[in-house]
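Trainee: One structure, pasted below without further comment.
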Amino acid sequence: MDIPVSFIISYNIMLSKVMSNENQHISSYASHAIVLIILLVLTTVSVLVTGWHLGAFTVAAALLIASIKVRTVITYFMHLKSENLFLKLMVSGVFVLFGLVIVITFIDYYFR
Amino acid sequence: MSVQQSNIEHFDRETGKLGMWIFLFTELFLFGGLFLVYAVFRAKYSEDFHTAASELNAFIGTMNTVFLLVSSMTVAMSITAIQRKQRMLALFLVSVTLLLAALFMMNKYFEWSHKFELKLYPGSLVLKNLNQGELLFFGLYYMMTGLHALHVFVGMVLLSINLVKIKSGIINENHFLLLENSGLYWHLVDLIWIFLFPLLYLIT
């Protein structure tokens with residue numbers, strides 16, 4: 001009686017250890033540093049672009065750069081790149097949903 | 001036997017992270033609602049928003065952006081350090097993240113107190129006499145940066161807890177879910193600032 005129980009326990013512990021190490025992707029320090037440099041360059045660009053006073057394009061450019069930055073942070077710093085497909089789809093889905101909320105609100109605002 | 005059984009570890013890293021992501025989605029919509037209000041009023045009162053936004057100091061905004069970007073990198077690196085069993089380095093990186101967060105908050109303090117000196121705080125007579133759009137801009141400015149600063153504060157508390165747990169070895173190369181999830185939270189704080197910064201400080 002005792003043997004199977006302890007076997008099950010040790011199996012469970014082993015499994016949990018395997019699980020915690022499963023898909024363990026270790027990102028290098030260098031890759032993080034490169035991502036930071038890219039983000040700082042993008043920040044500089046967005047500061048410069050808004051100084052040019054391009055009118056409506058300024059807003060579009062600033063938001064486009066911000067979107068690229070957000071995507072970069074999510075992919076590399078938040079390690080979405082090494083996550084499973086399910087999570088990737090969920091994250092994309094939430095952003096699509098948020099986009100729809102914005103679009104529908106503006107449709108309501110302009111055509112009411 | 002029952003004592004032995006309670007020692008079985010119930011631990012699932014994937015589920016733990018999924019839960020955190022779902023929480024972050026709700027955070028996205030919390031700030032998303034404010035972004036939406038901003039967008040609609042900006043479309044309605046573009047002139048007033050232009051005037052009011054020029055009151056903000058773009059230099060402080062840029063400095064805070066750099067602080068948050070660097071801190072995002074250090075917290076991401078601390079996870080690498082923990083995985084590679086470099087405990088001291090992980091402690092150092094989390095400490096640097098905390099320091100940068102403190103610098104961000106300090107900047108925010110100076111920025112807000114300068115606005116208060118100019119009597120541009122919610123409910124002030126100066127603000128009440130401004131145009132409707134400018135009033136809305138400052139309302140949104142305080143609400144958005146205030147809610148964001150609250151998140152920075154919560155992030156600092158989380159990072160401090162991580163610091164203690166890394167020190168005591170509770171967070172180690174096998175168990176670092178708390179650090180990962182706190183890191184995810186910290187990146188969210190960064191993500192929100194990435195949008196707040198151009199919308200409030202740059203597009204004038």
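Note on naming: chains are A, B, ... as they come in the structure tokens, residues start from 1 per chain, ligands start from 1 in the order shown.
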Specify as a ChimeraX atom specification all residues of chain A found within 6 Å of chain B, counting only C-alpha atoms.
Mentor: /A:20,26,66,70,77-78
Trainee: Please produce a file of the residues just selected, as a PDB file, in the first residue's frame, where the atoms kept are N, CA and C atoms.
Mentor:
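out-v1.pdb, freshly written:
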```pdb
ATOM      1  N   SER A  20       7.773  22.381 -14.872  1.00  0.00           N
ATOM      2  CA  SER A  20       8.286  23.730 -14.649  1.00  0.00           C
ATOM      3  C   SER A  20       9.492  24.014 -15.543  1.00  0.00           C
ATOM      4  N   ILE A  26      15.412  30.381 -22.416  1.00  0.00           N
ATOM      5  CA  ILE A  26      16.224  31.405 -21.753  1.00  0.00           C
ATOM      6  C   ILE A  26      16.695  32.411 -22.797  1.00  0.00           C
ATOM      7  N   ALA A  66       4.444  54.125 -31.797  1.00  0.00           N
ATOM      8  CA  ALA A  66       4.052  53.559 -30.495  1.00  0.00           C
ATOM      9  C   ALA A  66       3.599  52.104 -30.656  1.00  0.00           C
ATOM     10  N   VAL A  70       5.158  48.857 -28.875  1.00  0.00           N
ATOM     11  CA  VAL A  70       4.351  47.950 -28.055  1.00  0.00           C
ATOM     12  C   VAL A  70       4.526  46.506 -28.535  1.00  0.00           C
ATOM     13  N   PHE A  77      10.360  41.380 -24.724  1.00  0.00           N
ATOM     14  CA  PHE A  77      10.476  41.498 -23.269  1.00  0.00           C
ATOM     15  C   PHE A  77       9.467  40.608 -22.554  1.00  0.00           C
ATOM     16  N   MET A  78       8.261  40.518 -23.103  1.00  0.00           N
ATOM     17  CA  MET A  78       7.241  39.689 -22.457  1.00  0.00           C
ATOM     18  C   MET A  78       7.315  38.246 -22.968  1.00  0.00           C
TER      19      MET A  78
END
```
Trainee: As an exercise, work out the distance from atom CA of B:Phe49 to atom CA of B:Phe67 in Å and give it to one decimal place.
Mentor: 26.3 Å
Trainee: Residues near B:Glu47, anyone? I mean within 12 Å using only C-alpha atoms, not counting same-chain ones fewer than 2 positions away, as a count of residues only.
Mentor: 18
Trainee: List the spatial neighbours of stretch 115-127 of chain B as number ranges by chain - criterion: any atom at most 10 Å away, only C-alpha atoms, same-chain residues fewer than 6 positions off excluded.
Mentor: B: 55-56, 109, 134-136, 138-139, 142-143
Trainee: So, with only C-alpha atoms as the atoms that count, which of A:Leu100, A:Ser67, A:Phe111, A:Gly93 lies closest to A:Leu42?
Mentor: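 Selected residue with least distance to A:Leu42: A:Ser67.
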Trainee: Check stretch 2-203 of chain B with DSSP on the backbone and list each residue it calls alpha helix (DSSP H), as JSON, numbers by chain.
Mentor: {"B": [2, 3, 4, 5, 13, 14, 15, 16, 17, 18, 19, 20, 21, 22, 23, 24, 25, 26, 27, 28, 29, 30, 31, 32, 33, 34, 35, 36, 37, 38, 39, 40, 41, 42, 43, 44, 46, 47, 48, 49, 50, 51, 52, 53, 58, 59, 60, 61, 62, 63, 64, 65, 66, 67, 68, 69, 70, 71, 72, 73, 74, 75, 76, 77, 78, 79, 80, 81, 82, 83, 87, 88, 89, 90, 91, 92, 93, 94, 95, 96, 97, 98, 99, 100, 101, 102, 103, 104, 105, 106, 107, 108, 109, 110, 111, 112, 113, 114, 115, 116, 117, 125, 126, 127, 128, 132, 133, 134, 135, 136, 137, 138, 139, 140, 141, 142, 143, 144, 145, 146, 147, 148, 149, 150, 151, 152, 153, 154, 155, 156, 157, 158, 159, 160, 161, 162, 163, 164, 165, 166, 167, 177, 178, 179, 180, 181, 182, 183, 184, 185, 186, 187, 188, 189, 190, 191, 192, 193, 194, 195, 196]}
Trainee: Between atom CA of A:Val94 and atom CA of A:Val73, measure the distance and give it in Å to one decimal.
Mentor: 16.2 Å
Trainee: Rounded to one decimal in Å, what is the spacing between atom CA of A:Thr105 and atom CA of A:Gly51?
Mentor: 29.8 Å
